[in-house]
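S.K.: I have a structure I would like to understand better, so I am pasting it below and will then ask my questions one at a time.
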Amino acid sequence: MTEQPPSTTTKTRFAGTGPRRLVLAALMCLVVGGALGLVTATLAKPANVYARFTPPRQPARPIALRDQDGHMTTLTQARGKVVILTFLYSTCRDLCPAQAGDIIQAIGRLGPRAADVVVYGVSVDPVGDTPERARAFLKKYGVYGGPVHFLVGTRAQLEPVWRDYGIVPINATPKEALAAAKTYDRLTGRKPPAPYQAPDRSAPPSADQAYPDTNDLEYRGHARHKAGPDFEHSAYVMLIDKHGVQRVGIPFEELTPRSLARDLKLLVTER
């Protein structure tokens with residue numbers, strides 16, 4: 001059989017589809033290449049989420065300390081409310097005011113459900129945190145008389161709570177702590193605190209220990225306080241639900257009013 005040459009119609013069809021196929025192939029390369037680029041970018045730069053830690057879902061360790069007004073205060077008394085537990089000292093000039101401000105703003109975002117929240121702030125400075133200074137701290141931030149308890153005590157009274165919650169208190173000697181507190185008394189109120197900024201100071205050498213002995217209550221974290229290494233202390237927020245169960249912990253560096261309010265809204269709506 002003699003092979004017939006392609007007809008004019010066939011030639012026209014092939015001539016028209018050739019460029020189209022090239023264009024489609026080029027578009028497919030662009031789409032696939034773009035998709036692979038997005039995947040690579042996602043793997044190289046993971047989504048930025050605020051850090052938290054989830055403690056064992058069990059009853060929070062007991063706390064029984066006197067507050068700024070001398071009232072014995074326990075976690076059991078707070079059943080039916082969500083507890084914001086944190087650790088601070090009254091004469092701090094940077095981190096503690098910033099942390100208090102975040103907590104107050106977060107509660108303000110709850111509207112009527114703010115009545116379902118109580119704050120326990122446990123002292124990390126048994127020398128400087130007198131009831132008088134604790135009251136002054138709360139009054140300064142407009143929360144004295146509200147559902148905020150600044151829990152104070154002697155070192156012997158506070159130390160079991162520190163150990164139960166993994167807290168390192170300030171390491172200043174009693175004499176240093178008292179001198180710092182008196183200096184704060186003299187200077188406080190003269191000007192509002194500046195926005196928080198971490199000091200430019202390296203972590204202590206003990207931060208490099210592979211297996212540290214945490215029983216020594218020595219601070220091993222990043223620099224946080226401008227007052228110096230002896231005034232560093234652990235700082236995080238622990239949320240305890242209405243049944244007294246510890247639910248979530250948020251380090252100070254990742255604490256924001258918005259994220260805290262979001263967590264609180266979830267917990268106050270639970271039964």
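Identifiers in the structure tokens: chain A, B, ... in order shown; residue index from 1 per chain; ligand index from 1 in order shown.
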So that I can check the surroundings of Thr74 (chain A), please list as a list in words every protein, DNA and RNA residue that reaches within 12 Å of it, counting only C-alpha atoms and ignoring chain neighbours fewer than 3 positions away.

M.R.: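 Listed by chain and then number, they are Ala60, Arg61, Pro62, Ile63, Ala64, Leu65, Arg66, Asp67, His71, Gln77, Ala78, Arg79, Val83, Leu85, Val118, Val119, Tyr120, Gly121, Val122, His149, Phe150, Leu151, Val161 and Gly244 of chain A.
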
S.K.: What's the 10 Å shell around Arg262 (chain A), counting only C-alpha atoms, without same-chain residues fewer than 5 positions away, as an MDAnalysis selection string?

M.R.: chainID A and resid 106 109:110 256:257 267

S.K.: Write the selection just made, keeping all heavy atoms, as an mmCIF file, in the first residue's frame?

M.R.:
data_model
loop_
_atom_site.group_PDB
_atom_site.id
_atom_site.type_symbol
_atom_site.label_atom_id
_atom_site.label_comp_id
_atom_site.auth_asym_id
_atom_site.auth_seq_id
_atom_site.Cartn_x
_atom_site.Cartn_y
_atom_site.Cartn_z
ATOM 1 N N ALA A 106 -4.788 40.750 79.856
ATOM 2 C CA ALA A 106 -5.465 39.531 79.414
ATOM 3 C C ALA A 106 -6.802 39.370 80.127
ATOM 4 O O ALA A 106 -7.820 39.050 79.496
ATOM 5 C CB ALA A 106 -4.573 38.319 79.672
ATOM 6 N N ARG A 109 -9.608 41.427 78.802
ATOM 7 C CA ARG A 109 -10.197 40.990 77.536
ATOM 8 C C ARG A 109 -11.333 39.985 77.739
ATOM 9 O O ARG A 109 -11.998 39.607 76.765
ATOM 10 C CB ARG A 109 -9.125 40.349 76.645
ATOM 11 C CG ARG A 109 -8.072 41.328 76.125
ATOM 12 C CD ARG A 109 -6.929 40.579 75.461
ATOM 13 N NE ARG A 109 -5.942 41.480 74.900
ATOM 14 C CZ ARG A 109 -5.712 41.653 73.590
ATOM 15 N NH1 ARG A 109 -6.421 40.976 72.712
ATOM 16 N NH2 ARG A 109 -4.789 42.494 73.162
ATOM 17 N N LEU A 110 -11.551 39.537 78.963
ATOM 18 C CA LEU A 110 -12.539 38.485 79.209
ATOM 19 C C LEU A 110 -13.946 39.011 79.413
ATOM 20 O O LEU A 110 -14.899 38.229 79.411
ATOM 21 C CB LEU A 110 -12.124 37.655 80.428
ATOM 22 C CG LEU A 110 -10.775 36.948 80.350
ATOM 23 C CD1 LEU A 110 -10.526 36.160 81.633
ATOM 24 C CD2 LEU A 110 -10.704 36.040 79.137
ATOM 25 N N THR A 256 1.853 36.895 76.134
ATOM 26 C CA THR A 256 1.237 38.100 75.578
ATOM 27 C C THR A 256 -0.193 38.186 76.099
ATOM 28 O O THR A 256 -0.819 37.153 76.390
ATOM 29 C CB THR A 256 1.201 38.084 74.040
ATOM 30 O OG1 THR A 256 0.285 37.067 73.592
ATOM 31 C CG2 THR A 256 2.590 37.831 73.448
ATOM 32 N N PRO A 257 -0.748 39.381 76.218
ATOM 33 C CA PRO A 257 -2.144 39.494 76.666
ATOM 34 C C PRO A 257 -3.108 38.716 75.772
ATOM 35 O O PRO A 257 -4.050 38.089 76.256
ATOM 36 C CB PRO A 257 -2.403 41.003 76.601
ATOM 37 C CG PRO A 257 -1.060 41.630 76.774
ATOM 38 C CD PRO A 257 -0.105 40.706 76.071
ATOM 39 N N LEU A 267 -10.623 28.010 79.269
ATOM 40 C CA LEU A 267 -10.738 27.383 80.588
ATOM 41 C C LEU A 267 -11.952 27.883 81.363
ATOM 42 O O LEU A 267 -12.570 27.099 82.096
ATOM 43 C CB LEU A 267 -9.453 27.647 81.387
ATOM 44 C CG LEU A 267 -8.205 26.922 80.880
ATOM 45 C CD1 LEU A 267 -6.983 27.302 81.705
ATOM 46 C CD2 LEU A 267 -8.397 25.406 80.896
#

S.K.: List every residue of region 36-133 of chain A that DSSP, applied to the backbone of this structure, assigns to strand (DSSP E or B), and report them as a ChimeraX atom specification.

M.R.: /A:53,59,64-66,72-74,82-88,117-123

S.K.: Just want the 7 Å neighbourhood of Pro251 (chain A), counted on only C-alpha atoms, with same-chain residues fewer than 5 positions away dropped. Output as a ChimeraX atom specification.

M.R.: /A:52,235-237

S.K.: Quick one: write out the picked residues with C-alpha atoms as an mmCIF file, in the first residue's frame?

M.R.:
data_model
loop_
_atom_site.group_PDB
_atom_site.id
_atom_site.type_symbol
_atom_site.label_atom_id
_atom_site.label_comp_id
_atom_site.auth_asym_id
_atom_site.auth_seq_id
_atom_site.Cartn_x
_atom_site.Cartn_y
_atom_site.Cartn_z
ATOM 1 C CA ARG A 52 4.127 26.733 76.024
ATOM 2 C CA ALA A 235 9.293 33.378 85.647
ATOM 3 C CA TYR A 236 6.376 31.668 83.996
ATOM 4 C CA VAL A 237 2.598 31.560 84.234
#
